[in-house]
$ cat data_30.txt   # compact mmCIF, C-alpha atoms
# COMPACT_ATOMS: atom_id res chain seq x y z
CA ASP A 5 0.00 0.00 0.00
CA ALA A 6 1.23 3.50 -0.77
CA GLY A 7 0.33 4.81 2.65
CA VAL A 8 -1.54 8.03 3.29
CA ILE A 9 -1.06 10.46 0.43
CA GLN A 10 -1.22 14.21 0.87
CA SER A 11 -0.97 16.99 -1.66
CA PRO A 12 0.52 19.43 -2.12
CA ARG A 13 3.62 18.84 -0.02
CA HIS A 14 4.34 22.55 0.13
CA GLU A 15 2.03 25.50 -0.36
CA VAL A 16 2.94 29.16 -0.28
CA THR A 17 0.11 31.62 -0.62
CA GLU A 18 -0.79 35.17 0.20
CA MET A 19 -3.08 36.28 2.96
CA GLY A 20 -6.70 36.22 1.90
CA GLN A 21 -6.32 33.46 -0.64
CA GLU A 22 -8.17 30.15 -0.50
CA VAL A 23 -6.11 27.07 0.28
CA THR A 24 -7.18 23.48 -0.28
CA LEU A 25 -5.26 20.56 1.15
CA ARG A 26 -5.95 17.03 -0.04
CA CYS A 27 -5.67 13.60 1.49
CA LYS A 28 -6.08 10.03 0.31
CA PRO A 29 -6.26 7.60 3.25
CA ILE A 30 -5.08 4.03 3.22
CA SER A 31 -7.53 1.78 1.43
CA GLY A 32 -9.85 0.03 3.86
CA HIS A 33 -9.35 2.52 6.66
CA ASN A 34 -12.58 4.15 7.71
CA SER A 35 -11.29 6.75 10.17
CA LEU A 36 -9.57 9.91 9.04
CA PHE A 37 -7.99 12.67 11.08
CA TRP A 38 -6.68 16.12 10.19
CA TYR A 39 -3.98 17.57 12.44
CA ARG A 40 -2.06 20.83 12.53
CA GLN A 41 1.48 21.04 13.88
CA THR A 42 3.24 24.21 14.98
CA MET A 43 6.18 24.89 17.22
CA MET A 44 4.04 26.87 19.62
CA ARG A 45 1.06 24.56 19.96
CA GLY A 46 2.46 21.18 19.03
CA LEU A 47 0.16 18.65 17.35
CA GLU A 48 -3.50 19.66 17.35
CA LEU A 49 -6.42 17.55 16.16
CA LEU A 50 -8.65 19.60 13.87
CA ILE A 51 -11.33 17.16 12.78
CA TYR A 52 -12.14 13.46 12.82
CA PHE A 53 -14.23 11.54 10.28
CA ASN A 54 -15.60 8.04 10.65
CA ASN A 55 -17.13 6.32 7.62
CA ASN A 56 -16.96 9.66 5.78
CA VAL A 57 -19.04 11.44 8.44
CA PRO A 58 -17.54 14.25 10.56
CA ILE A 59 -17.73 13.07 14.15
CA ASP A 60 -15.73 15.69 16.01
CA ASP A 61 -14.79 19.08 14.59
CA SER A 62 -14.25 20.81 17.91
CA GLY A 63 -10.62 21.42 17.02
CA MET A 64 -11.39 23.44 13.91
CA PRO A 65 -10.10 26.90 14.81
CA GLU A 66 -12.83 29.01 13.26
CA ASP A 67 -15.28 29.27 10.40
CA ARG A 68 -12.50 29.94 7.94
CA PHE A 69 -11.66 26.25 8.16
CA SER A 70 -13.80 23.56 6.60
CA ALA A 71 -13.28 19.88 5.84
CA LYS A 72 -15.08 17.38 3.68
CA MET A 73 -14.88 13.69 2.97
CA PRO A 74 -17.05 12.97 -0.07
CA ASN A 75 -16.00 9.33 -0.24
CA ALA A 76 -13.85 6.79 1.54
CA SER A 77 -10.75 7.58 -0.49
CA PHE A 78 -10.60 11.36 -0.43
CA SER A 79 -10.75 14.27 1.99
CA THR A 80 -10.07 17.99 1.77
CA LEU A 81 -9.26 20.68 4.28
CA LYS A 82 -10.02 24.18 3.07
CA ILE A 83 -9.00 27.51 4.54
CA GLN A 84 -10.79 30.57 3.22
CA PRO A 85 -9.55 33.23 3.62
CA SER A 86 -6.08 32.23 4.77
CA GLU A 87 -4.12 34.24 7.34
CA PRO A 88 -0.42 34.25 8.29
CA ARG A 89 -1.24 32.54 11.61
CA ASP A 90 -2.48 29.52 9.64
CA SER A 91 1.11 28.77 8.63
CA ALA A 92 1.85 25.27 9.89
CA VAL A 93 2.32 21.68 8.80
CA TYR A 94 -1.01 19.95 8.24
CA PHE A 95 -1.14 16.19 8.58
CA CYS A 96 -3.76 13.71 7.54
CA ALA A 97 -3.89 10.34 9.28
CA SER A 98 -6.06 7.27 8.88
CA SER A 99 -6.81 4.17 10.89
CA SER A 100 -9.14 1.21 10.93
CA ASP A 101 -12.30 1.52 13.00
CA PRO A 102 -11.39 2.86 16.45
CA GLY A 103 -13.07 1.97 19.67
CA GLY A 104 -11.01 -1.07 20.40
CA GLY A 105 -8.34 1.09 21.94
CA THR A 106 -5.47 -0.49 20.05
CA ASP A 107 -5.66 1.29 16.73
CA THR A 108 -2.51 2.63 15.15
CA GLN A 109 -2.73 5.87 13.22
CA TYR A 110 -0.94 6.12 9.89
CA PHE A 111 0.20 9.60 9.04
CA GLY A 112 0.80 11.18 5.69
CA PRO A 113 3.95 13.19 4.98
CA GLY A 114 2.18 16.47 5.67
CA THR A 115 1.59 19.72 3.80
CA ARG A 116 3.75 22.65 4.84
CA LEU A 117 1.61 25.76 4.46
CA THR A 118 3.11 29.23 4.46
CA VAL A 119 0.77 32.20 4.33
CA LEU A 120 2.55 35.46 3.55
CA GLY B 16 -9.98 14.24 30.55
CA ASP B 17 -7.12 12.16 29.23
CA SER B 18 -3.67 13.70 29.09
CA VAL B 19 -0.06 12.80 28.31
CA THR B 20 2.97 14.54 29.77
CA GLN B 21 6.41 14.18 28.23
CA MET B 22 9.73 15.52 29.35
CA GLU B 23 10.69 18.70 27.58
CA GLY B 24 13.45 18.62 25.06
CA PRO B 25 15.65 18.83 23.33
CA VAL B 26 17.49 15.82 24.64
CA THR B 27 21.04 15.94 23.36
CA LEU B 28 23.21 12.82 23.49
CA SER B 29 26.39 11.46 22.04
CA GLU B 30 26.26 8.39 19.84
CA GLU B 31 26.07 5.11 21.81
CA ALA B 32 24.69 6.83 24.91
CA PHE B 33 21.70 5.47 26.83
CA LEU B 34 18.37 7.14 26.16
CA THR B 35 15.36 7.64 28.40
CA ILE B 36 12.41 9.83 27.46
CA ASN B 37 9.83 10.04 30.23
CA CYS B 38 6.11 9.82 29.60
CA THR B 39 3.32 9.82 32.17
CA TYR B 40 -0.39 9.82 31.58
CA THR B 41 -3.81 10.29 33.11
CA ALA B 42 -6.74 8.46 31.63
CA THR B 43 -10.18 7.16 32.41
CA GLY B 44 -10.37 3.45 31.84
CA TYR B 45 -7.51 1.33 30.59
CA PRO B 46 -5.69 2.95 27.70
CA SER B 47 -3.40 1.53 25.07
CA LEU B 48 -0.09 3.39 24.97
CA PHE B 49 2.00 4.33 21.98
CA TRP B 50 5.28 5.90 21.00
CA TYR B 51 5.39 7.61 17.63
CA VAL B 52 8.52 9.00 15.96
CA GLN B 53 8.74 11.89 13.52
CA TYR B 54 11.88 12.17 11.43
CA PRO B 55 12.71 15.55 9.90
CA GLY B 56 10.34 16.46 7.10
CA GLU B 57 8.13 13.43 7.59
CA GLY B 58 4.86 12.48 9.26
CA LEU B 59 4.59 10.57 12.50
CA GLN B 60 5.01 6.82 12.38
CA LEU B 61 4.37 4.21 15.00
CA LEU B 62 7.49 3.12 16.86
CA LEU B 63 5.97 0.75 19.42
CA LYS B 64 2.87 0.17 21.48
CA ALA B 65 1.54 -1.70 24.51
CA THR B 66 -2.09 -2.52 25.11
CA LYS B 67 -2.22 -3.65 28.74
CA ALA B 68 -0.40 -3.28 32.03
CA ASP B 69 3.12 -4.79 32.23
CA ASP B 70 3.27 -5.24 28.46
CA LYS B 71 6.56 -4.24 26.88
CA GLY B 72 6.60 -2.76 23.41
CA SER B 73 9.82 -2.92 21.44
CA ASN B 74 11.09 -1.99 17.99
CA LYS B 75 14.43 -0.96 16.44
CA GLY B 76 16.17 -1.30 19.79
CA PHE B 77 13.67 0.94 21.57
CA GLU B 78 11.60 -0.38 24.48
CA ALA B 79 8.83 0.90 26.72
CA THR B 80 6.94 -0.88 29.50
CA TYR B 81 3.35 -0.09 30.41
CA ARG B 82 3.44 0.69 34.15
CA LYS B 83 -0.06 1.03 35.48
CA GLU B 84 1.04 1.64 39.09
CA THR B 85 3.07 4.69 38.09
CA THR B 86 0.96 5.58 35.02
CA SER B 87 4.11 5.72 32.95
CA PHE B 88 5.41 4.52 29.60
CA HIS B 89 9.04 5.65 29.43
CA LEU B 90 10.95 5.13 26.20
CA GLU B 91 14.46 3.65 26.43
CA LYS B 92 17.25 2.64 24.12
CA GLY B 93 20.57 1.24 25.18
CA SER B 94 22.75 2.81 22.49
CA VAL B 95 21.48 5.63 20.33
CA GLN B 96 22.65 6.41 16.82
CA VAL B 97 22.78 9.64 14.86
CA SER B 98 19.92 8.27 12.75
CA ASP B 99 17.70 8.22 15.85
CA SER B 100 17.60 12.02 15.85
CA ALA B 101 13.90 12.83 15.62
CA VAL B 102 10.91 13.98 17.63
CA TYR B 103 9.25 11.34 19.80
CA PHE B 104 5.58 11.49 20.77
CA CYS B 105 3.92 9.54 23.53
CA ALA B 106 0.21 8.88 23.00
CA LEU B 107 -2.71 7.04 24.49
CA PHE B 108 -5.95 5.68 23.16
CA THR B 109 -8.80 4.69 25.45
CA GLY B 110 -11.29 2.11 24.27
CA GLY B 111 -14.56 3.85 23.62
CA SER B 112 -12.82 7.08 22.72
CA TYR B 113 -12.49 7.86 19.04
CA ILE B 114 -9.62 10.28 19.38
CA PRO B 115 -6.07 9.56 20.58
CA THR B 116 -4.30 11.90 22.99
CA PHE B 117 -0.76 12.93 22.06
CA GLY B 118 1.96 14.46 24.18
CA ARG B 119 3.82 17.59 23.06
CA GLY B 120 6.74 15.63 21.68
CA THR B 121 10.39 15.41 22.76
CA SER B 122 13.15 16.29 20.35
CA LEU B 123 16.20 14.01 20.41
CA ILE B 124 19.50 15.15 18.93
CA VAL B 125 22.32 12.62 18.68
CA HIS B 126 25.83 13.84 17.93
CA PRO B 127 28.54 11.65 16.36

$ encode --input "data_30.txt" --output "structure tokens"
Amino acid sequence: DAGVIQSPRHEVTEMGQEVTLRCKPISGHNSLFWYRQTMMRGLELLIYFNNNVPIDDSGMPEDRFSAKMPNASFSTLKIQPSEPRDSAVYFCASSSDPGGGTDTQYFGPGTRLTVL
Amino acid sequence: GDSVTQMEGPVTLSEEAFLTINCTYTATGYPSLFWYVQYPGEGLQLLLKATKADDKGSNKGFEATYRKETTSFHLEKGSVQVSDSAVYFCALFTGGSYIPTFGRGTSLIVHP
């Protein structure tokens, strides 16, 4: 398996622009997580999907952020409009159905976002 | 709620030194415990895990033992290499919870 795939790997944009990050989870995994990593705040969970349905979006910073999972093999995280404080590395991770307490998360390589 | 506390880094060692990275946790129920490693420019990847008390997880020379009495899961390696330089995250996952809890991460720097 190719693992979790994220695109783009790097994104540089100007403040106010729309940014869309993409993720393809591992085939057969039905849980998907979006994280944000910064030096100041560490690793933060933004949103969690199970079977394509958003279960917990309490970590989404504000209305500028939105996430979708139209099918089991694709998810997007959109920021509109982007701000310099959104600069971070964004990770997507997938796992098989949680609840058993032993599930490993598989992370993608991340998208490094820089908002000028 | 659940929480994970890791020692602050960076931890700086010479090659072949002994490594310990402390991790303690608080959790409701009986969590599974994990160590993830993040190499520069990459995503996190599972290093080892333990699912019940007294279990020892091991991988690539790293070990950690699930200590319920001290609520700890310290990571150890007998002889580190330069290639072990990375950020290490301790995490827990409680059955019935859908979301894992990660620590802040500990940076390890190994010098030749």

$ residues_around --input "data_30.txt" --residues "stretch 72-89 of chain B" --least-positions-apart "6" --cutoff "7 Å" --atoms "all atoms listed in the file" --output "compact mmCIF listing (two decimals) with C-alpha atoms, in the frame of the given file"
# COMPACT_ATOMS: atom_id res chain seq x y z
CA THR B 35 15.36 7.64 28.40
CA ILE B 36 12.41 9.83 27.46
CA ASN B 37 9.83 10.04 30.23
CA CYS B 38 6.11 9.82 29.60
CA THR B 39 3.32 9.82 32.17
CA TYR B 40 -0.39 9.82 31.58
CA THR B 41 -3.81 10.29 33.11
CA LEU B 62 7.49 3.12 16.86
CA LEU B 63 5.97 0.75 19.42
CA LYS B 64 2.87 0.17 21.48
CA ALA B 65 1.54 -1.70 24.51

$ closest_residue --input "data_30.txt" --among "A:Thr42, A:Met64, A:Gly112, A:Asn54" --to "A:Arg89" --atoms "all atoms listed in the file"
A:Thr42

$ atom_distance --input "data_30.txt" --atom1 "atom CA of B:Ser18" --atom2 "atom CA of A:Ile83"
28.7 Å

$ closest_atom_pairs --input "data_30.txt" --of "chain A" --to "chain B" --cutoff "12 Å" --atoms "all atoms listed in the file" --output "Markdown table"
| residue | atom | partner | partner_atom | distance |
| --- | --- | --- | --- | --- |
| A:Gly7 | CA | B:Gln60 | CA | 11.0 |
| A:Val8 | CA | B:Gly58 | CA | 9.8 |
| A:Ile9 | CA | B:Gly58 | CA | 10.8 |
| A:Gln10 | CA | B:Gly58 | CA | 10.5 |
| A:Arg13 | CA | B:Gly56 | CA | 10.1 |
| A:His14 | CA | B:Gly56 | CA | 11.0 |
| A:Asn34 | CA | B:Tyr113 | CA | 11.9 |
| A:Ser35 | CA | B:Tyr113 | CA | 9.0 |
| A:Leu36 | CA | B:Ile114 | CA | 10.3 |
| A:Phe37 | CA | B:Ile114 | CA | 8.8 |
| A:Trp38 | CA | B:Ile114 | CA | 11.3 |
| A:Tyr39 | CA | B:Gly58 | CA | 10.7 |
| A:Arg40 | CA | B:Gly58 | CA | 11.3 |
| A:Gln41 | CA | B:Arg119 | CA | 10.1 |
| A:Thr42 | CA | B:Arg119 | CA | 10.5 |
| A:Met43 | CA | B:Arg119 | CA | 9.6 |
| A:Met44 | CA | B:Arg119 | CA | 9.9 |
| A:Arg45 | CA | B:Arg119 | CA | 8.1 |
| A:Gly46 | CA | B:Arg119 | CA | 5.6 |
| A:Leu47 | CA | B:Arg119 | CA | 6.9 |
| A:Glu48 | CA | B:Phe117 | CA | 8.7 |
| A:Leu49 | CA | B:Ile114 | CA | 8.6 |
| A:Leu50 | CA | B:Ile114 | CA | 10.9 |
| A:Ile51 | CA | B:Ile114 | CA | 9.7 |
| A:Tyr52 | CA | B:Ile114 | CA | 7.7 |
| A:Phe53 | CA | B:Tyr113 | CA | 9.7 |
| A:Asn54 | CA | B:Tyr113 | CA | 8.9 |
| A:Pro58 | CA | B:Tyr113 | CA | 11.8 |
| A:Ile59 | CA | B:Tyr113 | CA | 8.9 |
| A:Asp60 | CA | B:Ile114 | CA | 8.8 |
| A:Asp61 | CA | B:Ile114 | CA | 11.3 |
| A:Ser62 | CA | B:Ile114 | CA | 11.6 |
| A:Gly63 | CA | B:Ile114 | CA | 11.4 |
| A:Val93 | CA | B:Gly58 | CA | 9.6 |
| A:Tyr94 | CA | B:Gly58 | CA | 9.6 |
| A:Phe95 | CA | B:Gly58 | CA | 7.1 |
| A:Cys96 | CA | B:Gly58 | CA | 8.9 |
| A:Ala97 | CA | B:Gly58 | CA | 9.0 |
| A:Ser98 | CA | B:Ile114 | CA | 11.5 |
| A:Ser99 | CA | B:Tyr113 | CA | 10.6 |
| A:Ser100 | CA | B:Tyr113 | CA | 11.0 |
| A:Asp101 | CA | B:Tyr113 | CA | 8.8 |
| A:Pro102 | CA | B:Tyr113 | CA | 5.7 |
| A:Gly103 | CA | B:Gly111 | CA | 4.6 |
| A:Gly104 | CA | B:Gly110 | CA | 5.0 |
| A:Gly105 | CA | B:Gly110 | CA | 3.9 |
| A:Thr106 | CA | B:Ser47 | CA | 5.8 |
| A:Asp107 | CA | B:Phe108 | CA | 7.8 |
| A:Thr108 | CA | B:Leu61 | CA | 7.1 |
| A:Gln109 | CA | B:Leu61 | CA | 7.5 |
| A:Tyr110 | CA | B:Gln60 | CA | 6.5 |
| A:Phe111 | CA | B:Gly58 | CA | 5.5 |
| A:Gly112 | CA | B:Gly58 | CA | 5.6 |
| A:Pro113 | CA | B:Gly58 | CA | 4.4 |
| A:Gly114 | CA | B:Gly58 | CA | 6.0 |
| A:Thr115 | CA | B:Gly58 | CA | 9.6 |
| A:Arg116 | CA | B:Gly56 | CA | 9.3 |

$ atom_distance --input "data_30.txt" --atom1 "atom CA of B:Asp99" --atom2 "atom CA of B:Gly24"
14.5 Å

$ residues_around --input "data_30.txt" --residues "B:Leu34" --least-positions-apart "2" --cutoff "8 Å" --atoms "only C-alpha atoms" --output "PyMOL selection string"
chain B and resi 28+32+36+90-95

$ atom_distance --input "data_30.txt" --atom1 "atom CA of A:Lys72" --atom2 "atom CA of B:Trp50"
29.1 Å

$ residues_around --input "data_30.txt" --residues "A:Glu18" --least-positions-apart "6" --cutoff "12 Å" --atoms "all atoms listed in the file" --output "list in words"
Gln84, Pro85, Ser86, Glu87, Pro88, Arg89, Asp90, Ser91, Leu117, Thr118, Val119 and Leu120 of chain A

$ write_last_selection --input "data_30.txt" --atoms "C-alpha atoms" --output "PDB file, in the frame of the given file"
ATOM      1  CA  GLN A  84     -10.790  30.570   3.220  1.00  0.00           C
ATOM      2  CA  PRO A  85      -9.550  33.230   3.620  1.00  0.00           C
ATOM      3  CA  SER A  86      -6.080  32.230   4.770  1.00  0.00           C
ATOM      4  CA  GLU A  87      -4.120  34.240   7.340  1.00  0.00           C
ATOM      5  CA  PRO A  88      -0.420  34.250   8.290  1.00  0.00           C
ATOM      6  CA  ARG A  89      -1.240  32.540  11.610  1.00  0.00           C
ATOM      7  CA  ASP A  90      -2.480  29.520   9.640  1.00  0.00           C
ATOM      8  CA  SER A  91       1.110  28.770   8.630  1.00  0.00           C
ATOM      9  CA  LEU A 117       1.610  25.760   4.460  1.00  0.00           C
ATOM     10  CA  THR A 118       3.110  29.230   4.460  1.00  0.00           C
ATOM     11  CA  VAL A 119       0.770  32.200   4.330  1.00  0.00           C
ATOM     12  CA  LEU A 120       2.550  35.460   3.550  1.00  0.00           C
TER      13      LEU A 120
END
